[in-house]
$ cat input07.pdb   # PDB, C-alpha atoms and all ligand atoms
ATOM      1  CA  MET A   1      -3.956   2.037 -15.492  1.00  0.00           C
ATOM      2  CA  LEU A   2      -5.666   3.793 -12.600  1.00  0.00           C
ATOM      3  CA  THR A   3      -4.871   7.492 -12.783  1.00  0.00           C
ATOM      4  CA  PHE A   4      -6.587  10.851 -13.262  1.00  0.00           C
ATOM      5  CA  VAL A   5      -3.591  12.197 -15.151  1.00  0.00           C
ATOM      6  CA  PRO A   6      -3.581  12.174 -19.003  1.00  0.00           C
ATOM      7  CA  GLU A   7      -1.633   9.167 -20.372  1.00  0.00           C
ATOM      8  CA  GLU A   8       1.192  11.232 -21.898  1.00  0.00           C
ATOM      9  CA  ILE A   9       1.702  13.106 -18.610  1.00  0.00           C
ATOM     10  CA  GLU A  10       1.721   9.808 -16.697  1.00  0.00           C
ATOM     11  CA  ASP A  11       4.299   8.390 -19.173  1.00  0.00           C
ATOM     12  CA  TYR A  12       6.443  11.532 -18.897  1.00  0.00           C
ATOM     13  CA  SER A  13       6.296  11.284 -15.087  1.00  0.00           C
ATOM     14  CA  VAL A  14       7.356   7.618 -15.195  1.00  0.00           C
ATOM     15  CA  GLN A  15      10.240   8.543 -17.509  1.00  0.00           C
ATOM     16  CA  HIS A  16      11.352  11.187 -14.995  1.00  0.00           C
ATOM     17  CA  THR A  17      11.149   8.905 -11.970  1.00  0.00           C
ATOM     18  CA  SER A  18      14.048   6.725 -10.750  1.00  0.00           C
ATOM     19  CA  LYS A  19      14.320   3.544 -12.794  1.00  0.00           C
ATOM     20  CA  LEU A  20      13.230   0.223 -11.328  1.00  0.00           C
ATOM     21  CA  PRO A  21      15.671  -2.677 -10.968  1.00  0.00           C
ATOM     22  CA  ASP A  22      15.327  -5.391 -13.653  1.00  0.00           C
ATOM     23  CA  TYR A  23      13.708  -7.939 -11.315  1.00  0.00           C
ATOM     24  CA  LEU A  24      10.878  -5.497 -10.519  1.00  0.00           C
ATOM     25  CA  ASN A  25      10.342  -4.727 -14.215  1.00  0.00           C
ATOM     26  CA  ASP A  26      10.168  -8.520 -14.688  1.00  0.00           C
ATOM     27  CA  LEU A  27       7.612  -8.761 -11.850  1.00  0.00           C
ATOM     28  CA  ILE A  28       5.421  -6.072 -13.456  1.00  0.00           C
ATOM     29  CA  LYS A  29       5.671  -7.830 -16.854  1.00  0.00           C
ATOM     30  CA  LEU A  30       4.770 -11.215 -15.375  1.00  0.00           C
ATOM     31  CA  THR A  31       1.865  -9.754 -13.366  1.00  0.00           C
ATOM     32  CA  LYS A  32       0.475  -8.029 -16.472  1.00  0.00           C
ATOM     33  CA  ALA A  33       0.928 -11.152 -18.609  1.00  0.00           C
ATOM     34  CA  THR A  34      -0.693 -13.582 -16.168  1.00  0.00           C
ATOM     35  CA  ARG A  35      -3.260 -11.633 -14.149  1.00  0.00           C
ATOM     36  CA  ASP A  36      -6.557 -10.047 -15.221  1.00  0.00           C
ATOM     37  CA  ASP A  37      -6.383  -7.908 -12.087  1.00  0.00           C
ATOM     38  CA  ALA A  38      -2.906  -6.496 -12.868  1.00  0.00           C
ATOM     39  CA  MET A  39      -4.260  -2.937 -12.475  1.00  0.00           C
ATOM     40  CA  MET A  40      -4.032  -3.605  -8.708  1.00  0.00           C
ATOM     41  CA  LEU A  41      -0.253  -3.080  -8.994  1.00  0.00           C
ATOM     42  CA  SER A  42       0.643   0.246  -7.436  1.00  0.00           C
ATOM     43  CA  GLY A  43       3.229   0.808 -10.212  1.00  0.00           C
ATOM     44  CA  PRO A  44       6.460   2.785 -10.601  1.00  0.00           C
ATOM     45  CA  ILE A  45       5.293   6.254  -9.493  1.00  0.00           C
ATOM     46  CA  GLU A  46       3.384   5.222  -6.379  1.00  0.00           C
ATOM     47  CA  GLY A  47       5.954   2.522  -5.593  1.00  0.00           C
ATOM     48  CA  THR A  48       8.807   5.023  -5.743  1.00  0.00           C
ATOM     49  CA  PHE A  49       6.724   7.482  -3.717  1.00  0.00           C
ATOM     50  CA  LEU A  50       6.317   4.810  -1.003  1.00  0.00           C
ATOM     51  CA  GLN A  51      10.058   4.187  -1.155  1.00  0.00           C
ATOM     52  CA  LEU A  52      10.825   7.885  -0.631  1.00  0.00           C
ATOM     53  CA  LEU A  53       8.401   7.975   2.315  1.00  0.00           C
ATOM     54  CA  VAL A  54      10.323   5.093   3.922  1.00  0.00           C
ATOM     55  CA  ILE A  55      13.619   6.927   3.380  1.00  0.00           C
ATOM     56  CA  CYS A  56      12.370  10.314   4.641  1.00  0.00           C
ATOM     57  CA  THR A  57      10.614   8.914   7.724  1.00  0.00           C
ATOM     58  CA  ARG A  58      13.543   6.538   8.465  1.00  0.00           C
ATOM     59  CA  ALA A  59      10.948   3.825   9.009  1.00  0.00           C
ATOM     60  CA  LYS A  60      12.343   0.543  10.344  1.00  0.00           C
ATOM     61  CA  ARG A  61       9.170  -1.497  10.796  1.00  0.00           C
ATOM     62  CA  ILE A  62       6.400  -1.477   8.190  1.00  0.00           C
ATOM     63  CA  LEU A  63       3.036  -3.206   7.892  1.00  0.00           C
ATOM     64  CA  GLU A  64       1.413  -3.711   4.498  1.00  0.00           C
ATOM     65  CA  ILE A  65      -2.237  -4.699   4.085  1.00  0.00           C
ATOM     66  CA  GLY A  66      -2.515  -6.279   0.610  1.00  0.00           C
ATOM     67  CA  THR A  67       0.615  -7.901  -0.864  1.00  0.00           C
ATOM     68  CA  PHE A  68      -0.750  -8.919  -4.288  1.00  0.00           C
ATOM     69  CA  THR A  69       2.370  -9.938  -6.301  1.00  0.00           C
ATOM     70  CA  GLY A  70       4.654  -8.087  -3.911  1.00  0.00           C
ATOM     71  CA  PHE A  71       5.596  -4.994  -5.911  1.00  0.00           C
ATOM     72  CA  SER A  72       4.927  -2.341  -3.244  1.00  0.00           C
ATOM     73  CA  ALA A  73       6.449  -4.541  -0.509  1.00  0.00           C
ATOM     74  CA  GLN A  74       9.620  -4.841  -2.605  1.00  0.00           C
ATOM     75  CA  MET A  75       9.772  -1.078  -3.194  1.00  0.00           C
ATOM     76  CA  MET A  76       9.470  -0.329   0.534  1.00  0.00           C
ATOM     77  CA  ALA A  77      11.829  -3.147   1.585  1.00  0.00           C
ATOM     78  CA  ALA A  78      14.612  -1.769  -0.633  1.00  0.00           C
ATOM     79  CA  ALA A  79      14.530   1.487   1.368  1.00  0.00           C
ATOM     80  CA  LEU A  80      14.639  -0.205   4.782  1.00  0.00           C
ATOM     81  CA  PRO A  81      17.895  -0.579   6.698  1.00  0.00           C
ATOM     82  CA  ASP A  82      19.355  -4.123   6.910  1.00  0.00           C
ATOM     83  CA  ASP A  83      17.705  -4.689  10.297  1.00  0.00           C
ATOM     84  CA  GLY A  84      14.357  -3.309   9.109  1.00  0.00           C
ATOM     85  CA  GLU A  85      11.288  -5.474   8.530  1.00  0.00           C
ATOM     86  CA  ILE A  86       8.072  -5.352   6.582  1.00  0.00           C
ATOM     87  CA  ILE A  87       5.147  -7.618   7.412  1.00  0.00           C
ATOM     88  CA  THR A  88       2.817  -7.970   4.440  1.00  0.00           C
ATOM     89  CA  CYS A  89      -0.435  -9.913   4.358  1.00  0.00           C
ATOM     90  CA  ASP A  90      -2.885 -11.221   1.783  1.00  0.00           C
ATOM     91  CA  ILE A  91      -5.568 -13.887   1.494  1.00  0.00           C
ATOM     92  CA  ASP A  92      -4.681 -14.973  -2.053  1.00  0.00           C
ATOM     93  CA  GLN A  93      -2.366 -18.001  -2.165  1.00  0.00           C
ATOM     94  CA  GLU A  94      -1.683 -17.731  -5.887  1.00  0.00           C
ATOM     95  CA  THR A  95      -0.437 -14.123  -5.852  1.00  0.00           C
ATOM     96  CA  ALA A  96       1.386 -14.750  -2.563  1.00  0.00           C
ATOM     97  CA  ALA A  97       3.365 -17.509  -4.333  1.00  0.00           C
ATOM     98  CA  ILE A  98       4.381 -15.120  -7.133  1.00  0.00           C
ATOM     99  CA  ALA A  99       5.348 -12.513  -4.513  1.00  0.00           C
ATOM    100  CA  ASN A 100       7.458 -15.062  -2.648  1.00  0.00           C
ATOM    101  CA  GLU A 101       9.225 -16.178  -5.851  1.00  0.00           C
ATOM    102  CA  PHE A 102      10.303 -12.574  -6.488  1.00  0.00           C
ATOM    103  CA  PHE A 103      11.182 -11.833  -2.831  1.00  0.00           C
ATOM    104  CA  LEU A 104      13.742 -14.636  -3.177  1.00  0.00           C
ATOM    105  CA  LYS A 105      15.278 -12.875  -6.210  1.00  0.00           C
ATOM    106  CA  SER A 106      15.968  -9.696  -4.242  1.00  0.00           C
ATOM    107  CA  LYS A 107      18.715  -9.044  -1.712  1.00  0.00           C
ATOM    108  CA  HIS A 108      16.068  -7.119   0.292  1.00  0.00           C
ATOM    109  CA  GLY A 109      13.638 -10.059   0.336  1.00  0.00           C
ATOM    110  CA  LYS A 110      14.901 -11.237   3.727  1.00  0.00           C
ATOM    111  CA  LYS A 111      13.372  -8.112   5.293  1.00  0.00           C
ATOM    112  CA  ILE A 112       9.880  -9.139   4.080  1.00  0.00           C
ATOM    113  CA  LYS A 113       7.665 -11.468   6.136  1.00  0.00           C
ATOM    114  CA  GLN A 114       4.570 -12.763   4.347  1.00  0.00           C
ATOM    115  CA  ASN A 115       1.416 -13.589   6.225  1.00  0.00           C
ATOM    116  CA  LEU A 116      -1.322 -15.529   4.465  1.00  0.00           C
ATOM    117  CA  GLY A 117      -4.791 -14.909   5.867  1.00  0.00           C
ATOM    118  CA  SER A 118      -7.357 -12.229   6.576  1.00  0.00           C
ATOM    119  CA  ALA A 119      -5.699  -8.857   7.130  1.00  0.00           C
ATOM    120  CA  LEU A 120      -7.899  -8.043  10.096  1.00  0.00           C
ATOM    121  CA  ASP A 121      -6.956 -11.299  11.863  1.00  0.00           C
ATOM    122  CA  THR A 122      -3.276 -10.582  11.158  1.00  0.00           C
ATOM    123  CA  MET A 123      -3.593  -7.027  12.463  1.00  0.00           C
ATOM    124  CA  LEU A 124      -5.324  -8.169  15.642  1.00  0.00           C
ATOM    125  CA  GLU A 125      -2.516 -10.640  16.389  1.00  0.00           C
ATOM    126  CA  LEU A 126       0.364  -8.237  15.752  1.00  0.00           C
ATOM    127  CA  GLN A 127       2.461  -6.964  18.646  1.00  0.00           C
ATOM    128  CA  GLY A 128       4.569  -3.826  18.888  1.00  0.00           C
ATOM    129  CA  THR A 129       4.366  -0.678  16.812  1.00  0.00           C
ATOM    130  CA  PHE A 130       4.946   0.157  13.147  1.00  0.00           C
ATOM    131  CA  ASP A 131       6.594   3.268  11.680  1.00  0.00           C
ATOM    132  CA  MET A 132       4.605   3.018   8.469  1.00  0.00           C
ATOM    133  CA  ILE A 133       1.398   1.168   7.563  1.00  0.00           C
ATOM    134  CA  PHE A 134       0.281   0.870   3.932  1.00  0.00           C
ATOM    135  CA  ILE A 135      -3.421  -0.005   3.571  1.00  0.00           C
ATOM    136  CA  ASP A 136      -4.165  -1.451   0.123  1.00  0.00           C
ATOM    137  CA  ALA A 137      -6.594  -4.385   0.399  1.00  0.00           C
ATOM    138  CA  ASP A 138     -10.387  -4.896   0.392  1.00  0.00           C
ATOM    139  CA  LYS A 139     -12.060  -1.504   0.616  1.00  0.00           C
ATOM    140  CA  GLU A 140     -15.081  -2.641   2.657  1.00  0.00           C
ATOM    141  CA  ASN A 141     -12.745  -3.181   5.625  1.00  0.00           C
ATOM    142  CA  TYR A 142     -10.839   0.099   5.208  1.00  0.00           C
ATOM    143  CA  SER A 143     -12.384   1.688   8.324  1.00  0.00           C
ATOM    144  CA  ALA A 144     -11.468  -1.325  10.474  1.00  0.00           C
ATOM    145  CA  TYR A 145      -7.920  -1.310   9.031  1.00  0.00           C
ATOM    146  CA  TYR A 146      -7.634   2.421   9.765  1.00  0.00           C
ATOM    147  CA  GLU A 147      -8.766   2.077  13.395  1.00  0.00           C
ATOM    148  CA  ARG A 148      -6.451  -0.866  14.085  1.00  0.00           C
ATOM    149  CA  SER A 149      -3.614   0.979  12.316  1.00  0.00           C
ATOM    150  CA  LEU A 150      -3.967   3.882  14.754  1.00  0.00           C
ATOM    151  CA  GLU A 151      -3.491   1.369  17.595  1.00  0.00           C
ATOM    152  CA  LEU A 152      -0.406  -0.136  15.931  1.00  0.00           C
ATOM    153  CA  LEU A 153       1.193   3.128  14.789  1.00  0.00           C
ATOM    154  CA  SER A 154       4.364   4.437  16.457  1.00  0.00           C
ATOM    155  CA  ASP A 155       4.198   7.986  17.860  1.00  0.00           C
ATOM    156  CA  SER A 156       5.661   9.606  14.734  1.00  0.00           C
ATOM    157  CA  GLY A 157       4.431   6.896  12.352  1.00  0.00           C
ATOM    158  CA  LEU A 158       2.697   7.335   9.011  1.00  0.00           C
ATOM    159  CA  ILE A 159      -0.402   5.603   7.632  1.00  0.00           C
ATOM    160  CA  VAL A 160      -0.675   5.515   3.828  1.00  0.00           C
ATOM    161  CA  ILE A 161      -4.072   4.591   2.375  1.00  0.00           C
ATOM    162  CA  ASP A 162      -4.433   3.738  -1.317  1.00  0.00           C
ATOM    163  CA  ASN A 163      -7.381   4.230  -3.712  1.00  0.00           C
ATOM    164  CA  VAL A 164      -9.056   6.934  -1.638  1.00  0.00           C
ATOM    165  CA  LEU A 165     -10.456   8.545  -4.821  1.00  0.00           C
ATOM    166  CA  TRP A 166     -11.745   5.184  -6.124  1.00  0.00           C
ATOM    167  CA  GLY A 167     -11.838   6.237  -9.763  1.00  0.00           C
ATOM    168  CA  GLY A 168     -13.796   9.372  -8.796  1.00  0.00           C
ATOM    169  CA  ARG A 169     -16.725   7.366  -7.406  1.00  0.00           C
ATOM    170  CA  VAL A 170     -16.242   8.951  -3.962  1.00  0.00           C
ATOM    171  CA  LEU A 171     -17.880  12.088  -5.436  1.00  0.00           C
ATOM    172  CA  ASN A 172     -21.165  10.237  -5.840  1.00  0.00           C
ATOM    173  CA  PRO A 173     -20.920   7.025  -3.827  1.00  0.00           C
ATOM    174  CA  LYS A 174     -23.410   4.340  -4.867  1.00  0.00           C
ATOM    175  CA  ASP A 175     -22.341   0.790  -4.070  1.00  0.00           C
ATOM    176  CA  GLU A 176     -20.975  -0.672  -0.826  1.00  0.00           C
ATOM    177  CA  THR A 177     -17.346  -0.123  -1.808  1.00  0.00           C
ATOM    178  CA  ASP A 178     -17.861   3.510  -2.893  1.00  0.00           C
ATOM    179  CA  ILE A 179     -19.676   4.198   0.387  1.00  0.00           C
ATOM    180  CA  ALA A 180     -16.941   2.503   2.459  1.00  0.00           C
ATOM    181  CA  ILE A 181     -14.165   4.598   0.928  1.00  0.00           C
ATOM    182  CA  ALA A 182     -16.081   7.889   0.929  1.00  0.00           C
ATOM    183  CA  GLY A 183     -17.134   7.161   4.532  1.00  0.00           C
ATOM    184  CA  LEU A 184     -13.552   6.618   5.643  1.00  0.00           C
ATOM    185  CA  ASN A 185     -12.422   9.805   3.872  1.00  0.00           C
ATOM    186  CA  ASP A 186     -15.102  11.783   5.739  1.00  0.00           C
ATOM    187  CA  HIS A 187     -14.263  10.032   9.005  1.00  0.00           C
ATOM    188  CA  ILE A 188     -10.562  10.929   8.690  1.00  0.00           C
ATOM    189  CA  ASN A 189     -11.487  14.502   7.774  1.00  0.00           C
ATOM    190  CA  GLY A 190     -13.314  14.879  11.091  1.00  0.00           C
ATOM    191  CA  ASP A 191     -10.840  12.847  13.153  1.00  0.00           C
ATOM    192  CA  VAL A 192      -9.175  15.191  15.664  1.00  0.00           C
ATOM    193  CA  ARG A 193      -6.578  12.498  16.478  1.00  0.00           C
ATOM    194  CA  VAL A 194      -4.826  12.942  13.129  1.00  0.00           C
ATOM    195  CA  LYS A 195      -3.231  15.284  10.601  1.00  0.00           C
ATOM    196  CA  HIS A 196      -3.854  14.166   7.013  1.00  0.00           C
ATOM    197  CA  VAL A 197      -3.506  15.041   3.365  1.00  0.00           C
ATOM    198  CA  MET A 198      -5.253  13.518   0.336  1.00  0.00           C
ATOM    199  CA  LEU A 199      -2.977  13.419  -2.696  1.00  0.00           C
ATOM    200  CA  PRO A 200      -4.403  12.867  -6.199  1.00  0.00           C
ATOM    201  CA  ILE A 201      -1.538  10.489  -7.089  1.00  0.00           C
ATOM    202  CA  ARG A 202      -2.766   7.567  -9.219  1.00  0.00           C
ATOM    203  CA  ASP A 203      -6.160   6.566  -7.665  1.00  0.00           C
ATOM    204  CA  GLY A 204      -5.689   8.839  -4.626  1.00  0.00           C
ATOM    205  CA  VAL A 205      -3.337   8.382  -1.686  1.00  0.00           C
ATOM    206  CA  MET A 206      -4.134   9.576   1.852  1.00  0.00           C
ATOM    207  CA  LEU A 207      -1.254  10.253   4.267  1.00  0.00           C
ATOM    208  CA  VAL A 208      -2.142  10.266   7.972  1.00  0.00           C
ATOM    209  CA  THR A 209      -0.039  10.998  11.056  1.00  0.00           C
ATOM    210  CA  ARG A 210      -0.987  11.604  14.654  1.00  0.00           C
ATOM    211  CA  ALA A 211      -2.204  15.165  15.259  1.00  0.00           C
ATOM    212  CA  LEU A 212       0.425  17.726  16.224  1.00  0.00           C
ATOM    213  CA  ASN A 213       0.288  18.814  19.873  1.00  0.00           C
TER     214      ASN A 213
HETATM  215  C1  LIG B   1      -4.639  -3.665  -4.633  1.00  0.00           C
HETATM  216  S1  LIG B   1      -4.026  -5.257  -4.264  1.00  0.00           S
HETATM  217  C2  LIG B   1      -2.509  -4.889  -3.430  1.00  0.00           C
HETATM  218  C3  LIG B   1      -1.480  -4.317  -4.376  1.00  0.00           C
HETATM  219  C4  LIG B   1      -0.069  -4.251  -3.836  1.00  0.00           C
HETATM  220  N1  LIG B   1      -0.010  -3.460  -2.615  1.00  0.00           N
HETATM  221  C5  LIG B   1       0.837  -3.649  -4.878  1.00  0.00           C
HETATM  222  O1  LIG B   1       1.056  -2.439  -4.882  1.00  0.00           O
HETATM  223  O2  LIG B   1       1.310  -4.402  -5.740  1.00  0.00           O
HETATM  224  C6  LIG B   1      -5.114  -5.772  -2.996  1.00  0.00           C
HETATM  225  C7  LIG B   1      -4.811  -7.135  -2.399  1.00  0.00           C
HETATM  226  O3  LIG B   1      -5.609  -7.268  -1.213  1.00  0.00           O
HETATM  227  C8  LIG B   1      -5.901  -8.639  -1.049  1.00  0.00           C
HETATM  228  N2  LIG B   1      -7.030  -8.792  -0.135  1.00  0.00           N
HETATM  229  C9  LIG B   1      -8.353  -8.658  -0.381  1.00  0.00           C
HETATM  230  N3  LIG B   1      -9.075  -8.885   0.718  1.00  0.00           N
HETATM  231  C10 LIG B   1      -8.182  -9.176   1.716  1.00  0.00           C
HETATM  232  C11 LIG B   1      -8.322  -9.497   3.101  1.00  0.00           C
HETATM  233  N4  LIG B   1      -9.513  -9.559   3.698  1.00  0.00           N
HETATM  234  N5  LIG B   1      -7.193  -9.734   3.808  1.00  0.00           N
HETATM  235  C12 LIG B   1      -5.980  -9.658   3.214  1.00  0.00           C
HETATM  236  N6  LIG B   1      -5.790  -9.347   1.916  1.00  0.00           N
HETATM  237  C13 LIG B   1      -6.892  -9.113   1.172  1.00  0.00           C
HETATM  238  C14 LIG B   1      -6.175  -9.134  -2.459  1.00  0.00           C
HETATM  239  O4  LIG B   1      -6.021 -10.535  -2.526  1.00  0.00           O
HETATM  240  C15 LIG B   1      -5.146  -8.327  -3.282  1.00  0.00           C
HETATM  241  O5  LIG B   1      -3.989  -9.099  -3.538  1.00  0.00           O
END
$ encode --input "input07.pdb" --output "structure tokens"
Amino acid sequence: MLTFVPEEIEDYSVQHTSKLPDYLNDLIKLTKATRDDAMMLSGPIEGTFLQLLVICTRAKRILEIGTFTGFSAQMMAAALPDDGEIITCDIDQETAAIANEFFLKSKHGKKIKQNLGSALDTMLELQGTFDMIFIDADKENYSAYYERSLELLSDSGLIVIDNVLWGGRVLNPKDETDIAIAGLNDHINGDVRVKHVMLPIRDGVMLVTRALN
């Protein structure tokens, strides 16, 4: 599990967070049983946090970069109104198939549109604005995703960026991925277009809105 919090504190926090529906517990179990990369799941705390952000911002249109097995998309979709939509994209056919299987099990699945292909290509083709954009795919492209997200963001929209602490490696970036994430964090910190906060939830979550006037 990716977190900076001691295991017993993480467990206590999960126990004191709203319970997941059975089909999402089943999705987590299946992902953990079948995937070596199951730690990519955002999990109950971050998933519920995303859900509360959707509720509080009254988001109607969401873009997700990085579907994986669909857990975070499902959490956000459940908080959208009936006429809301979430577009989620991924390059991995195998995980996209698992995600689709579970979208069909949920009454909120009809709000989710899956796009298979490179996230950057998807983002470049998209029209209209989004109230919330969740960036959670390949870290080397994070800066490009951030810049395109600012173009696609509605006036009062929210960008949520996952893994901004990258297991602590941002403190002493060494490889390409460390440098990409640390570089984006520094870029956002100096970006006068935005207001932002870095939260040490799980592997670090950055919230970004347009700067206040
Ligand atoms: C951390 S996982 C997403 C986790 C998911 N949001 C959740 O909470 O369950 C990252 C995903 O990004 C996908 N990905 C990697 N590179 C990509 C790219 N260039 N375009 C689209 N998706 C990509 C991977 O296949 C993987 O499924």
$ closest_atom_pairs --input "input07.pdb" --of "chain A" --to "ligand LIG 1 (chain B)" --cutoff "10 Å" --atoms "only C-alpha atoms and all ligand atoms" --output "JSON lines"
{"residue": "A:Leu27", "atom": "CA", "partner": "B:LIG1", "partner_atom": "O2", "distance": 9.8}
{"residue": "A:Ile28", "atom": "CA", "partner": "B:LIG1", "partner_atom": "O2", "distance": 8.9}
{"residue": "A:Thr31", "atom": "CA", "partner": "B:LIG1", "partner_atom": "O2", "distance": 9.3}
{"residue": "A:Asp37", "atom": "CA", "partner": "B:LIG1", "partner_atom": "S1", "distance": 8.6}
{"residue": "A:Ala38", "atom": "CA", "partner": "B:LIG1", "partner_atom": "O2", "distance": 8.5}
{"residue": "A:Met39", "atom": "CA", "partner": "B:LIG1", "partner_atom": "C1", "distance": 7.9}
{"residue": "A:Met40", "atom": "CA", "partner": "B:LIG1", "partner_atom": "C1", "distance": 4.1}
{"residue": "A:Leu41", "atom": "CA", "partner": "B:LIG1", "partner_atom": "O2", "distance": 3.8}
{"residue": "A:Ser42", "atom": "CA", "partner": "B:LIG1", "partner_atom": "O1", "distance": 3.7}
{"residue": "A:Gly43", "atom": "CA", "partner": "B:LIG1", "partner_atom": "O1", "distance": 6.6}
{"residue": "A:Pro44", "atom": "CA", "partner": "B:LIG1", "partner_atom": "O1", "distance": 9.4}
{"residue": "A:Glu46", "atom": "CA", "partner": "B:LIG1", "partner_atom": "O1", "distance": 8.1}
{"residue": "A:Gly47", "atom": "CA", "partner": "B:LIG1", "partner_atom": "O1", "distance": 7.0}
{"residue": "A:Leu50", "atom": "CA", "partner": "B:LIG1", "partner_atom": "O1", "distance": 9.8}
{"residue": "A:Glu64", "atom": "CA", "partner": "B:LIG1", "partner_atom": "N1", "distance": 7.3}
{"residue": "A:Ile65", "atom": "CA", "partner": "B:LIG1", "partner_atom": "N6", "distance": 6.2}
{"residue": "A:Gly66", "atom": "CA", "partner": "B:LIG1", "partner_atom": "O3", "distance": 3.7}
{"residue": "A:Thr67", "atom": "CA", "partner": "B:LIG1", "partner_atom": "C4", "distance": 4.8}
{"residue": "A:Phe68", "atom": "CA", "partner": "B:LIG1", "partner_atom": "O5", "distance": 3.3}
{"residue": "A:Thr69", "atom": "CA", "partner": "B:LIG1", "partner_atom": "O2", "distance": 5.7}
{"residue": "A:Gly70", "atom": "CA", "partner": "B:LIG1", "partner_atom": "O2", "distance": 5.3}
{"residue": "A:Phe71", "atom": "CA", "partner": "B:LIG1", "partner_atom": "O2", "distance": 4.3}
{"residue": "A:Ser72", "atom": "CA", "partner": "B:LIG1", "partner_atom": "O1", "distance": 4.2}
{"residue": "A:Ala73", "atom": "CA", "partner": "B:LIG1", "partner_atom": "N1", "distance": 6.9}
{"residue": "A:Gln74", "atom": "CA", "partner": "B:LIG1", "partner_atom": "O2", "distance": 8.9}
{"residue": "A:Met75", "atom": "CA", "partner": "B:LIG1", "partner_atom": "O1", "distance": 9.0}
{"residue": "A:Thr88", "atom": "CA", "partner": "B:LIG1", "partner_atom": "N1", "distance": 8.8}
{"residue": "A:Cys89", "atom": "CA", "partner": "B:LIG1", "partner_atom": "C12", "distance": 5.7}
{"residue": "A:Asp90", "atom": "CA", "partner": "B:LIG1", "partner_atom": "N6", "distance": 3.5}
{"residue": "A:Ile91", "atom": "CA", "partner": "B:LIG1", "partner_atom": "N6", "distance": 4.6}
{"residue": "A:Asp92", "atom": "CA", "partner": "B:LIG1", "partner_atom": "O4", "distance": 4.7}
{"residue": "A:Gln93", "atom": "CA", "partner": "B:LIG1", "partner_atom": "O4", "distance": 8.3}
{"residue": "A:Glu94", "atom": "CA", "partner": "B:LIG1", "partner_atom": "O4", "distance": 9.0}
{"residue": "A:Thr95", "atom": "CA", "partner": "B:LIG1", "partner_atom": "O5", "distance": 6.6}
{"residue": "A:Ala96", "atom": "CA", "partner": "B:LIG1", "partner_atom": "O5", "distance": 7.9}
{"residue": "A:Ala99", "atom": "CA", "partner": "B:LIG1", "partner_atom": "O2", "distance": 9.1}
{"residue": "A:Asn115", "atom": "CA", "partner": "B:LIG1", "partner_atom": "C12", "distance": 8.9}
{"residue": "A:Leu116", "atom": "CA", "partner": "B:LIG1", "partner_atom": "C12", "distance": 7.6}
{"residue": "A:Gly117", "atom": "CA", "partner": "B:LIG1", "partner_atom": "C12", "distance": 6.0}
{"residue": "A:Ser118", "atom": "CA", "partner": "B:LIG1", "partner_atom": "N5", "distance": 3.7}
{"residue": "A:Ala119", "atom": "CA", "partner": "B:LIG1", "partner_atom": "N5", "distance": 3.7}
{"residue": "A:Leu120", "atom": "CA", "partner": "B:LIG1", "partner_atom": "N5", "distance": 6.5}
{"residue": "A:Asp121", "atom": "CA", "partner": "B:LIG1", "partner_atom": "N5", "distance": 8.2}
{"residue": "A:Thr122", "atom": "CA", "partner": "B:LIG1", "partner_atom": "N5", "distance": 8.4}
{"residue": "A:Met123", "atom": "CA", "partner": "B:LIG1", "partner_atom": "N5", "distance": 9.8}
{"residue": "A:Phe134", "atom": "CA", "partner": "B:LIG1", "partner_atom": "N1", "distance": 7.9}
{"residue": "A:Ile135", "atom": "CA", "partner": "B:LIG1", "partner_atom": "N1", "distance": 7.9}
{"residue": "A:Asp136", "atom": "CA", "partner": "B:LIG1", "partner_atom": "C2", "distance": 5.2}
{"residue": "A:Ala137", "atom": "CA", "partner": "B:LIG1", "partner_atom": "O3", "distance": 3.4}
{"residue": "A:Asp138", "atom": "CA", "partner": "B:LIG1", "partner_atom": "N3", "distance": 4.2}
{"residue": "A:Lys139", "atom": "CA", "partner": "B:LIG1", "partner_atom": "N3", "distance": 8.0}
{"residue": "A:Glu140", "atom": "CA", "partner": "B:LIG1", "partner_atom": "N3", "distance": 8.9}
{"residue": "A:Asn141", "atom": "CA", "partner": "B:LIG1", "partner_atom": "N4", "distance": 7.4}
{"residue": "A:Tyr142", "atom": "CA", "partner": "B:LIG1", "partner_atom": "N4", "distance": 9.9}
{"residue": "A:Tyr145", "atom": "CA", "partner": "B:LIG1", "partner_atom": "N5", "distance": 9.9}
{"residue": "A:Asp162", "atom": "CA", "partner": "B:LIG1", "partner_atom": "C1", "distance": 8.1}
{"residue": "A:Asn163", "atom": "CA", "partner": "B:LIG1", "partner_atom": "C1", "distance": 8.4}
$ atom_distance --input "input07.pdb" --atom1 "atom CA of A:Leu152" --atom2 "atom CA of A:Gly128"
6.9 Å
$ residues_around --input "input07.pdb" --residues "stretch 189-205 of chain A" --least-positions-apart "4" --cutoff "10 Å" --atoms "only C-alpha atoms" --output "number ranges by chain"
A: 1-5, 10, 42-43, 45-46, 49, 135, 150, 158-168, 183-185, 209-213
$ closest_residue --input "input07.pdb" --among "A:Leu63, A:Glu101, A:Lys111, A:Phe130" --to "A:Pro81" --atoms "all atoms listed in the file"
A:Lys111
$ closest_residue --input "input07.pdb" --among "A:Ile98, A:Thr48, A:Arg58, A:Val208" --to "A:Arg35" --atoms "only C-alpha atoms"
A:Ile98
$ atom_distance --input "input07.pdb" --atom1 "atom CA of A:Gln15" --atom2 "atom CA of A:Lys32"
19.3 Å
$ atom_distance --input "input07.pdb" --atom1 "atom CA of A:Phe103" --atom2 "atom CA of A:Ile55"
19.9 Å
$ resolve_selection --input "input07.pdb" --expression "the PyMOL selection byres (((chain A and resi 112) around 7) and not hetatm)" --output "PyMOL selection string"
chain A and resi 77+85-87+109-111+113-114
